[in-house]
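K.L.:
So that we are looking at the same thing, I have put the structure below in structure tokens.
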Amino acid sequence: MRDNVTEDLWSITKEMSVLHQENWTTKAISRIKLFENDLVLAIRKAGWDGSEEVDSLQWTFAGALFYSIIVITTIGYGHIAPKTHLGKVTTIFYAIVGIPLMLLCLSNIGDIMAHSFRFLYWRICCYACTRDPKRNHSTRRRAKSIRISNNGGYSDYGDEMASNQTKPVPIWLCVFLVVSYIIGGAFLFSDWEDWGYADSAYFCFITLTTIGFGDFVPAQRVNKKNGEMSIALCSLYLLFGIALLAMSFNLVQEEVINNVKAVARHLGIIKDNTIENNPDYVE
Amino acid sequence: MCTQVGVGGLIVGYAVVGAFGFMTIEGTYERPEMEKVAKLRESTAARLWELTDTENIFNRTSWNLKASAILKEFQNSVAQAVKVGYDGRTVGEAWSFPSALMFCLSVFTMIGYGNLVPRTTWGKAMTVVYAVFGIPLYVLYFMNMGKVLAQTFKWLYTRLYLCSMKSAGSSEDGQPARIIVPSTACLWVMGAYIATGTIMFAEWEKWNYLDSTYFCVTSLCKIGIGDFVPGNNIMESRSGHQTKLIINFIYLLLGMGLVAMCYNLMREVVKVKMHDFKEDIGLCFEDIRLRAVACYRKRHTTTPAVVQH
């Protein structure tokens, strides 16, 4: 491609036998702009990454492991993508098998972690404010049964608020845990990758919600020596973080869903008056 | 039923509001890379001019060599700029309304293609806030949609099943009221949906079928690798084929609903199967245990007899 450009420039030079700087420069600039567009296309589409030699870190064992983790956790940064047909087919099947497996694993881990966390919280709570966990539990169950017995209309909204307070682990603690995890990750990555704090926090958030834009990816700098170490660290951070998210989701699941439902119902009522008489669906 | 429609409307409204918000936040920002690349281009041209000026005797080979060296330098710096995020489009072109809508969708569905990312600090902060509120909303939509679609699909399947039974002649009135939709039916629906998407995108985007399938699967699995994004073709988005993005938006939202439906239906089947499997395993273990006990007992009773002999 570059040779082509040189040829073209040569021909431009030749055809303007009278060398006039202004004209020549404008023509050369337009040709270079074309060349640049071609380059951008090549980089974006064909996946050529700017360096003339094959990149060393992309498909080493560590990089490939990172790629498979990114696929099955559905993050999908896109900094590495399969280029061959076989690779794409394999990715499809790998995802179809791997994602349910990962979900199953996560829900199990989340369950276990939630149980242990709840237990821990009870113990601490016992020491701190001498509340009886058993009574707590039983009231919660009673509240739940009440809630189940009359579902529909507005009456369960009040019950929701009542059961909120008797739930063993409050929402704010889980939110606090996740936020502190993100902030901790931000410090870690800003130290490790020389990003700003805001960028690191943004990266952690985007990663843990499994959005994964891929504008910041760890261990992508060319002059990185300990790239594998960084990849391993990132994978650990990621897996543990997702498990943590699963745990906190498990803990606050019901309340959050009910709250969101209530909010949605409110908004729906504002939007459309016909819903008002329809009680919410019973599952 | 109304609440489900309400949630769907809510999510579309949320996406539209987000699209306008991000357009206003990101659209006003001029990227430094644009100027840098333009400057680079000019300086390269100037250097080439200098080269032509100094090499007064037109020696073709040496001129070629030197020019190619300069161009290579230029190429490397462009590659650097692309890594930082330059993609040859101005901000106004990048953050048009359909692509902003696509960006919002990719945020709250957790797909995250990454072909379009916020560059400003405000844009990043807004993305975080937007995701915090958007994701629970999306999850709600996912669950509701899954329930509604599953009910509809089950009803349809039951109707079809009964019809086929009647037409076959074997009119058994003692039908069980509860018919579990087999998981293969879900898989067929999913496969058909993916195939539709494949053909659609292959026609529009001039991808081959494999790439198109790959795109559909990675999108519906919420991976969103982002090496293929519809409408991302630079030439195409300049000439303005942006209705595709909106259709893609609808395709993805519906597809997510279908995935939720399959999840809902399959869960039942899988639960039943897991239960059976557990029972099977339990029976198997019981059997092995009984056998082992029997074997042990036999040996225990026979060995003393042998000794006595």
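Chains: A, B, ... in order of the structure tokens. Residues: from 1 per chain. Ligands: from 1, in order shown.
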Just the residues within 12 Å of Phe97 in chain B, please, counting only C-alpha atoms, with nothing from its chain fewer than 2 positions along; format it as a PyMOL selection string.
P.N.:
chain B and resi 15-24+26-27+91-95+99-104+240+242-243+245-246
K.L.:
With the cut-off set at 6 Å and counting only C-alpha atoms, tabulate each residue of chain A with an atom at most that distance from an atom of chain B, showing the nearest atom pair and its distance in Å to one decimal, ordered by chain and increasing number, as JSON lines.
P.N.:
```
{"residue": "A:Ile29", "atom": "CA", "partner": "B:Ala45", "partner_atom": "CA", "distance": 6.0}
{"residue": "A:Gly50", "atom": "CA", "partner": "B:Ala79", "partner_atom": "CA", "distance": 4.9}
{"residue": "A:Thr74", "atom": "CA", "partner": "B:Ile223", "partner_atom": "CA", "distance": 4.1}
{"residue": "A:Ile75", "atom": "CA", "partner": "B:Ile223", "partner_atom": "CA", "distance": 5.5}
{"residue": "A:Gly76", "atom": "CA", "partner": "B:Ile225", "partner_atom": "CA", "distance": 4.5}
{"residue": "A:Tyr77", "atom": "CA", "partner": "B:Ile225", "partner_atom": "CA", "distance": 5.8}
{"residue": "A:Gly78", "atom": "CA", "partner": "B:Ile225", "partner_atom": "CA", "distance": 4.3}
{"residue": "A:Thr210", "atom": "CA", "partner": "B:Met110", "partner_atom": "CA", "distance": 5.8}
{"residue": "A:Ile211", "atom": "CA", "partner": "B:Met110", "partner_atom": "CA", "distance": 4.1}
{"residue": "A:Gly212", "atom": "CA", "partner": "B:Gly112", "partner_atom": "CA", "distance": 5.3}
{"residue": "A:Phe213", "atom": "CA", "partner": "B:Gly114", "partner_atom": "CA", "distance": 3.9}
{"residue": "A:Gly214", "atom": "CA", "partner": "B:Gly114", "partner_atom": "CA", "distance": 5.8}
{"residue": "A:Gly268", "atom": "CA", "partner": "B:Gly6", "partner_atom": "CA", "distance": 5.6}
```
K.L.:
With N, CA, C and O atoms retained, could you export that selection as a compact mmCIF listing (two decimals), in the first residue's frame?
P.N.:
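To be explicit, this is the file written out as result_35.txt:
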```
# COMPACT_ATOMS: atom_id res chain seq x y z
N ILE A 29 -1.30 16.37 -0.19
CA ILE A 29 -2.09 16.21 1.04
C ILE A 29 -3.32 15.38 0.75
O ILE A 29 -3.68 14.48 1.53
N GLY A 50 -1.02 -2.02 13.46
CA GLY A 50 -0.06 -0.93 13.40
C GLY A 50 1.39 -1.37 13.39
O GLY A 50 2.21 -0.75 12.74
N THR A 74 -18.96 -12.76 29.22
CA THR A 74 -19.70 -11.85 28.34
C THR A 74 -19.25 -10.41 28.46
O THR A 74 -20.03 -9.49 28.27
N ILE A 75 -17.98 -10.20 28.80
CA ILE A 75 -17.49 -8.82 28.81
C ILE A 75 -17.22 -8.38 27.37
O ILE A 75 -17.79 -7.41 26.90
N GLY A 76 -16.35 -9.13 26.69
CA GLY A 76 -16.11 -8.83 25.28
C GLY A 76 -15.46 -7.50 25.01
O GLY A 76 -16.07 -6.62 24.44
N TYR A 77 -14.21 -7.33 25.45
CA TYR A 77 -13.52 -6.07 25.16
C TYR A 77 -13.35 -5.85 23.67
O TYR A 77 -13.52 -4.76 23.17
N GLY A 78 -12.99 -6.90 22.98
CA GLY A 78 -12.77 -6.74 21.54
C GLY A 78 -11.38 -6.30 21.17
O GLY A 78 -11.14 -5.96 20.03
N THR A 210 -19.95 -5.93 33.12
CA THR A 210 -19.76 -6.74 31.91
C THR A 210 -20.18 -6.00 30.65
O THR A 210 -20.59 -6.61 29.68
N ILE A 211 -20.07 -4.66 30.68
CA ILE A 211 -20.28 -3.94 29.43
C ILE A 211 -19.06 -4.12 28.55
O ILE A 211 -19.16 -4.62 27.44
N GLY A 212 -17.92 -3.71 29.06
CA GLY A 212 -16.67 -3.99 28.35
C GLY A 212 -16.52 -3.27 27.03
O GLY A 212 -16.54 -3.90 25.98
N PHE A 213 -16.36 -1.93 27.07
CA PHE A 213 -16.18 -1.21 25.81
C PHE A 213 -14.86 -1.57 25.15
O PHE A 213 -14.79 -1.69 23.94
N GLY A 214 -13.85 -1.70 25.94
CA GLY A 214 -12.55 -2.02 25.37
C GLY A 214 -11.73 -0.81 24.99
O GLY A 214 -10.76 -0.94 24.27
N GLY A 268 -45.43 4.03 35.02
CA GLY A 268 -46.43 3.55 34.08
C GLY A 268 -47.76 4.22 34.33
O GLY A 268 -48.47 4.58 33.40
```
K.L.:
Give the answer as one residue: which of B:Pro230, B:Pro182, B:Gly197, B:Gly282 has the shortest atom-to-atom distance to Cys262 in chain B, using only C-alpha atoms?
P.N.:
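Of the candidates, the smallest distance to Cys262 in chain B is held by B:Pro182.
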K.L.:
State, in Å with one decimal place, the distance from CA of Ile281 in chain B to CA of Gly98 in chain A.
P.N.:
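Distance between the two atoms: 24.2 Å.
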K.L.:
Figure out the distance between CA of Ala186 in chain A and CA of Ser116 in chain A, please, to one decimal in Å.
P.N.:
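One can read the CA of Ser116 in chain A to CA of Ala186 in chain A distance as 26.3 Å.
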K.L.:
What is the distance between CA of Phe216 in chain A and CA of Tyr237 in chain A, in Å to one decimal?
P.N.:
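Between CA of Phe216 in chain A and CA of Tyr237 in chain A the gap works out to 15.2 Å.
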